[in-house]
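**Q** Encoded as structure tokens, here's the structure I'll be asking about.
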Amino acid sequence: MNVWLLQENNESGPKDTYVNRNEIMQDLNLDIILKFMARNDKFIYKTAHAVMTNPLKDKASIIYRQGIVTDCVKYYDNTYKIYEIAAQTVEVIEHFTEGNKKANSSNLSDAANVLYSLELLGILVNCLEKLKLHLDAVEKDFHSNGFRAFYNRMLEDYSYHFVEEIQNSIKNMNFLTEGGEIVFSGTVGQGLKTKDIIVNQLVKETFTRRKREGIMSILIHKLFKRNVIMLDDSKLSQDAKDMEAAGLTHVMKLYQGFIRELSSFFENLHYQMAFYIGAANLRIRLNQMNIPTTMPEVQMKDYDDFKFKDLYDLSLAIYSRSLPVSNDLDTLDKKLFIITGANQGGKSTYLRSIGIAQLLMQCGMFVPARYYCSKLYDGIFSHFTRREDVAMNSGKLDEELSRMNRILMSVTPNSLLLMNESFATTTEREGAKIAQDVVDALYENGTTIIMVTHLFEFTKTMFARKLEKAMFLSAERLADGTRTFLIFEREPERTSYGLDLYDDIIQLKA
Amino acid sequence: MEFQSILGVNKFKFVKPEDIVMPRYFYDLNLDQIVRDIMDHQKVYDLEKYYYIRSEPEDIRYRMEVMKDMDLDGVLHCIIDYSIRMRKSKEFLNNISESVMEEQKQKWKLDAAHQYITAVKILHSELEKEALQSRGMKAFFEWLKEYMLTDGFIQLEKDTEQLISHFNAMSFNFQIKRDRIIINQGYLEDDYCKQLLDIFKQQTDTEHFYQNNPFGTIVLSALEGALLEVLKKPYAQTFQELKVYDGKYKDFRNEILLEFESEVQFYVAFRGYRDEMKEMNFHFCYPKVGEKEFRIIDGYDLALARKNAVKKKEVIFNDCKFEPGEQFLIITGPNQGGKTTYARALGQILYFGTLGLMVPAQTACFPIFDNIYTHFATDESMETGAGKLKEELIRLKDMMGRATKNSFVIINEIFTSATSYDAYIMGKRVIDYFMEADCLGVYVTHIYELTKEDNRIVSMVASLLSEDSNIRTFKIERKKADGRSYANTIVEKYHMTYEEIKERIRQ
């Protein structure tokens with residue numbers, strides 16, 4: 001059965017990972033967020049990481065997930081229990097596969113192997129029963145379409161009747177240890193070899209039959225024109241054993257198919273629930289710290305509203321365990337945001353807060369703000385200066401450009417590119433020229449760019465051009481040099497007030 | 001025209017197994033690799049003799065015609081299908097000697113005959129659909145039609161089909177209990193696996209017959225023997241007929257069909273190889289062989305092409321031309337510039353053309369040569385300078401003795417262990433000798449002076465991208481040898497460029 005909790009009608013979810021997945025991870029401080037979500041559960045960390053870096057691209061899928069996230073936050077214990085059952089089942093499966101590897105797995109007909117599979121199947125079916133009982137008890141709490149559909153599929157695909165039938169057939173298979181009979185049919189093939197053999201029947205031996213042994217029963221069979229051969233000949237009894245084993249192996253293959261199906265059901269459930277539990281963990285812990293979050297509003301396609309209220313950098317909030325400085329924005333149809341201003345003024349934080357919010361929104365989660373409304377992007381790319389490569393050095397520029405080159409290979413008109421002090425690894429003139437080329441091309445292409453830059457030559461030119469869809473933002477610095485960490489719309493300035501910082505630090509030393 | 005062989009107008013002449021040896025030039029031209037790759041496409045057949053033994057001149061055309069017919073997918077597939085059935089039939093015949101029970105031996109023969117008849121009938125009906133053009137295929141098809149109308153074949157078919165249908169109707173069921181087996185006639189239709197699948201709601205199209213019979217041996221197992229004993233009673237009549245059949249047909253297979261099966265693989269294997277190369281975007285053409293003109297456009301080395309395709313490296317195509325009166329191409333130029341590859345490609349084209357197959361070129365025409373003789377430097381091994389020169393001269397002498405008026409000679413980097421002056425003198429003598437003998441050939445060397453003062457000699461140079469660059473184009477072109485010194489080539493010869501040294505240090 002398909003779990004389909006991460007996405008409607010799709011078990012594997014979107015697969016085209018961000019090209020610069022690792023960079024996004026690093027640039028947006030995702031590690032600290034993921035750790036906070038995981039609460040020491042490595043599997044949640046891994047899963048949330050994978051899900052967050054595979055963004056959804058349509059509104060319906062996001063609303064689908066938002067519903068489930070809401071259920072999970074509201075009924076945390078009940079949903080956690082689903083995750084727990086799935087996790088325990090997966091652990092059993094892994095334990096068994098480990099053990100099976102040690103056993104001689106090459107020989108399926110090995111009786112021990114058959115028993116092994118039967119035991120695993122039995123456990124899986126019991127786990128399934130447990131899950132069903134739990135769901136029955138708590139289903140009334142679920143309101144999201146995703147959970148409701150999941151529950152309905154459970155009723156239909158894995159009914160109690162179905163569970164019982166499998167349990168019965170497993171009992172029949174146990175005749176291997178308890179004795180029984182097996183009936184085959186076949187035809188005569190090339191070279192008089194047997195051909196087209198099928199298993200007709202597999203019956204556990206009953207006690208009444210055991211009594212009819214010896215001469216009497218043979219006579220009875222003869223009467224009915226049956227040909228009875230006693231298995232006293234060693235060769236023949238070996239053959240009979242081989243035949244039996246082959247028949248069982250064949251039947252076991254069918255069970256194995258079902259074991260695989262159930263295993264993958266539980267594995268998928270485990271994986272998909274892990275994401276939601278992670279999301280719920282995050283929300284609940286933020287609530288405890290009185291840090292606000294909200295479900296974002298997904299803008300319809302072709303509408304370019306971009307608005308937020310009290311948006312903050314989630315990674316900073318988690319780090320400081322308190323609500324950091326928040327910013328507001330309300331724009332319509334802007335494609336290019338150029339952020340300049342004071343050093344240490346909160347520009348990178350601002351950029352990051354947008355990136356994180358967009359990322360969380362596109363994986364169906366709530367966002368760190370009181371209000372957030374944005375459209376969906378095909379891809380989110382980040383190009384941040386690495387602290388270690390600020391040196392003026394052509395090798396570094398080379399590295400930086402090659403990262404940009406990789407981004408340019410997959411960026412689409414409907415992408416979001418976050419740039420943080422890009423092209424600062426060369427002279428300002430050269431850097432400005434490169435920035436100009438890149439930004440011009442992408443802007444004309446329709447890509448949304450949010451960039452923090454100190455390249456004044458570049459910002460001056462851009463400002464003078466009065467581009468319709470461009471917006472210039474600046475980090476606030478009060479006259480006395482105090483940074484408020486607030487970002488406002490403002491004309492770019494030549495200085496980034498680095499001297500302030502210089503003075504600051506030098507004076508401290510003195 | 002009476003059909004003799006698919007490989008020629010006359011029967012393929014018998015060669016003693018010990019005489020089937022790889023021609024001497026195979027290693028030098030890398031034909032050993034290429035032909036091995038070709039034969040790998042039909043491993044079950046022993047094809048060496050067809051590739052090692054030169055075609056009769058009159059059969060070159062005959063074979064190319066057949067090859068063209070084999071280009072039709074319908075023809076190829078029905079021949080592959082025929083071969084598979086014929087091999088199955090042969091396998092059944094071989095099983096006879098391994099079986100113990102008389103009835104089983106007889107049944108193997110019946111099954112072998114059944115496979116044989118099916119193979120022949122399907123081959124006929126499939127070939128009938130094809131527009132065959134070649135003399136070889138047409139004659140074979142006519143022969144096949146007549147063979148199928150012979151009384152012998154008709155009777156064999158009738159007897160076999162009848163008996164097979166009786167055996168196909170036999171079926172049984174058996175019940176295995178702890179201490180006994182109960183066997184009955186008839187097939188029970190209940191399928192346990194199907195019922196199980198219904199519970200699991202699994203959709204599957206596969207039949208639930210045993211994929212692997214536990215009794216995979218040729219001999220009957222004890223259980224199979226027991227089943228047979230039970231069946232013998234109700235089917236006594238059928239088993240009696242089988243015995244009569246066995247006595248009546250000692251050997252039912254026709255010699256021509258067996259030869260055809262083996263010989264036609266010559267084309268099947270080559271086509272498999274060629275298609276694979278074509279998939280990698282390498283071209284082939286049917287050459288005109290036996291012309292006065294000698295001209296090849298866009299030829300290439302098959303072995304190198306295959307290697308480069310794996311490494312995603314580009315392959316360069318080269319032309320080759322002998323104007324009337326020209327006898328020797330002397331190729332000079334930088335090391336690693338494609339000289340040897342050029343010589344090899346030329347040799348391969350001549351070889352495949354003379355074998356009646358397609359050649360690695362865009363277009364090609366050339367005269368028929370009696371034979372190809374090659375002289376390539378052996379791997380620069382432990383031998384001392386003197387030893388190497390000596391060994392080279394011994395091989396050269398042998399070659400001079402065997403080459404006839406109409407041979408093609410390929411000499412590659414000979415006399416490298418001698419001084420330049422000596423190498424020049426010796427080279428000149430060798431070239432003169434072969435030219436006097438009316439041979440055509442290629443001579444790859446560093447001694448550019450050899451290209452001078454003789455209008456029977458053509459100078460070819462491996463070119464560089466530009467005057468002062470070091471980049472090789474691997475194009476070999478008609479050009480006056482300039483004797484330029486290739487300073488960097490010496491560095492490269494010792495593998496001392498930046499990249500190479502880096503590579504070596506890594507090892």
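Every chain in the structure tokens takes a letter, A first, then B, and so on in the order presented; its residues are numbered from 1, and the ligands are numbered from 1 following the presented order.
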Tell me the residues of chain A close to chain B, meaning within 9 Å using only C-alpha atoms, as a PyMOL selection string.

**A** chain A and resi 157+162+165-166+169+179-202+205+213+221+225-232+235-247+250-251+254-255+257-258

**Q** Would you kindly return, as a count of residues only, each protein, DNA or RNA residue with an atom no farther than 12 Å from any atom of range 29-34 of chain B, considering only C-alpha atoms and excluding same-chain residues fewer than 2 positions away?

**A** 53

**Q** List every residue of range 91-284 of chain B that DSSP, applied to the backbone of this structure, assigns to strand (DSSP E), and report them as a PyMOL selection string.

**A** chain B and resi 171-176+180-185

**Q** Include C-alpha atoms and write out the residues we just selected as a PDB file, in the first residue's frame.

**A**
ATOM      1  CA  SER B 171       0.123 -35.466 -17.910  1.00  0.00           C
ATOM      2  CA  PHE B 172       0.174 -36.581 -14.294  1.00  0.00           C
ATOM      3  CA  ASN B 173      -0.317 -35.471 -10.750  1.00  0.00           C
ATOM      4  CA  PHE B 174       1.288 -36.697  -7.586  1.00  0.00           C
ATOM      5  CA  GLN B 175       0.884 -36.262  -3.911  1.00  0.00           C
ATOM      6  CA  ILE B 176       3.880 -36.298  -1.615  1.00  0.00           C
ATOM      7  CA  ARG B 180       4.740 -42.270   0.263  1.00  0.00           C
ATOM      8  CA  ILE B 181       3.950 -40.775  -3.081  1.00  0.00           C
ATOM      9  CA  ILE B 182       0.633 -41.268  -4.824  1.00  0.00           C
ATOM     10  CA  ILE B 183       0.724 -40.855  -8.570  1.00  0.00           C
ATOM     11  CA  ASN B 184      -2.190 -40.380 -10.938  1.00  0.00           C
ATOM     12  CA  GLN B 185      -2.838 -39.567 -14.525  1.00  0.00           C
TER      13      GLN B 185
END

**Q** Enumerate the residues of range 202-381 of chain A with a DSSP assignment of alpha helix (DSSP H), computed from the backbone, and present them as JSON, numbers by chain.

**A** {"A": [207, 208, 209, 210, 211, 215, 216, 217, 218, 219, 220, 221, 222, 223, 234, 235, 236, 237, 238, 239, 240, 241, 242, 243, 244, 245, 246, 247, 248, 249, 250, 251, 252, 253, 254, 255, 256, 257, 258, 259, 260, 261, 262, 263, 264, 265, 266, 267, 268, 269, 270, 271, 272, 273, 274, 275, 276, 277, 278, 279, 280, 281, 282, 283, 284, 285, 286, 287, 288, 314, 315, 316, 317, 318, 319, 320, 347, 348, 349, 350, 351, 352, 353, 354, 355, 356, 357, 358, 359, 360, 361, 362]}

**Q** Near Ser353 in chain A, within 10 Å and counting only C-alpha atoms, which residues show up once chain neighbours fewer than 3 positions away are dropped, as an MDAnalysis selection string?

**A** chainID A and resid 28 311:316 326:327 347:350 356:359 367:369

**Q** Skipping near chain neighbours, those fewer than 3 positions away, what residues fall within 10 Å of Met289 in chain A using only C-alpha atoms, listed as a ChimeraX atom specification?

**A** /A:284-286,292,317-318,321-323

**Q** Distance CA of Lys307 in chain A-CA of Ile487 in chain A, one decimal place?

**A** 14.0 Å

**Q** Show which residues sit within 9 Å of Pro287 in chain B, as a VMD selection string. Count only C-alpha atoms, and ignore same-chain residues fewer than 5 positions away.

**A** chain B and resid 296 349 353 356 to 359 361 363 to 366

**Q** May I have the residues from that selection written out with N, CA and C atoms, as an mmCIF file, in the first residue's frame?

**A**
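result-v8.cif, written as the output of this step:
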data_model
loop_
_atom_site.group_PDB
_atom_site.id
_atom_site.type_symbol
_atom_site.label_atom_id
_atom_site.label_comp_id
_atom_site.auth_asym_id
_atom_site.auth_seq_id
_atom_site.Cartn_x
_atom_site.Cartn_y
_atom_site.Cartn_z
ATOM 1 N N ILE B 296 41.053 5.649 -50.573
ATOM 2 C CA ILE B 296 40.246 5.405 -49.379
ATOM 3 C C ILE B 296 39.911 6.745 -48.749
ATOM 4 N N ILE B 349 41.692 -2.168 -43.487
ATOM 5 C CA ILE B 349 40.765 -1.969 -44.595
ATOM 6 C C ILE B 349 41.044 -2.988 -45.700
ATOM 7 N N GLY B 353 38.381 -5.909 -46.682
ATOM 8 C CA GLY B 353 37.923 -5.843 -48.059
ATOM 9 C C GLY B 353 38.195 -7.142 -48.793
ATOM 10 N N GLY B 356 35.869 -9.977 -48.132
ATOM 11 C CA GLY B 356 34.501 -9.890 -48.641
ATOM 12 C C GLY B 356 33.545 -9.283 -47.641
ATOM 13 N N LEU B 357 34.076 -8.471 -46.726
ATOM 14 C CA LEU B 357 33.210 -7.842 -45.736
ATOM 15 C C LEU B 357 33.272 -6.320 -45.905
ATOM 16 N N MET B 358 32.668 -5.601 -44.980
ATOM 17 C CA MET B 358 32.709 -4.149 -45.047
ATOM 18 C C MET B 358 33.990 -3.642 -44.413
ATOM 19 N N VAL B 359 34.356 -2.405 -44.755
ATOM 20 C CA VAL B 359 35.609 -1.865 -44.238
ATOM 21 C C VAL B 359 35.351 -0.559 -43.484
ATOM 22 N N ALA B 361 35.662 2.696 -43.415
ATOM 23 C CA ALA B 361 35.957 3.893 -44.203
ATOM 24 C C ALA B 361 34.652 4.416 -44.773
ATOM 25 N N THR B 363 34.383 5.637 -48.096
ATOM 26 C CA THR B 363 34.392 4.910 -49.367
ATOM 27 C C THR B 363 35.772 4.320 -49.536
ATOM 28 N N ALA B 364 35.853 3.239 -50.301
ATOM 29 C CA ALA B 364 37.153 2.606 -50.504
ATOM 30 C C ALA B 364 37.149 1.832 -51.799
ATOM 31 N N CYS B 365 38.220 1.973 -52.560
ATOM 32 C CA CYS B 365 38.424 1.040 -53.657
ATOM 33 C C CYS B 365 39.915 0.775 -53.779
ATOM 34 N N PHE B 366 40.244 -0.440 -54.091
ATOM 35 C CA PHE B 366 41.660 -0.815 -54.172
ATOM 36 C C PHE B 366 41.800 -2.126 -54.925
#

**Q** Work out how far CA of Glu491 in chain A is from CA of Asp328 in chain A, in Å to one decimal.

**A**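 Between CA of Asp328 in chain A and CA of Glu491 in chain A the gap works out to 17.8 Å.
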
**Q** Which is closest to Leu131 in chain A among A:Tyr377, A:Phe488, A:Tyr116, A:Tyr80, if we use only C-alpha atoms?

**A** A:Tyr80

**Q** Just the residues within 7 Å of range 65-73 of chain B, please, counting only C-alpha atoms, with nothing from its chain fewer than 5 positions along; format it as a ChimeraX atom specification.

**A** /B:132-134,136-137,267,357
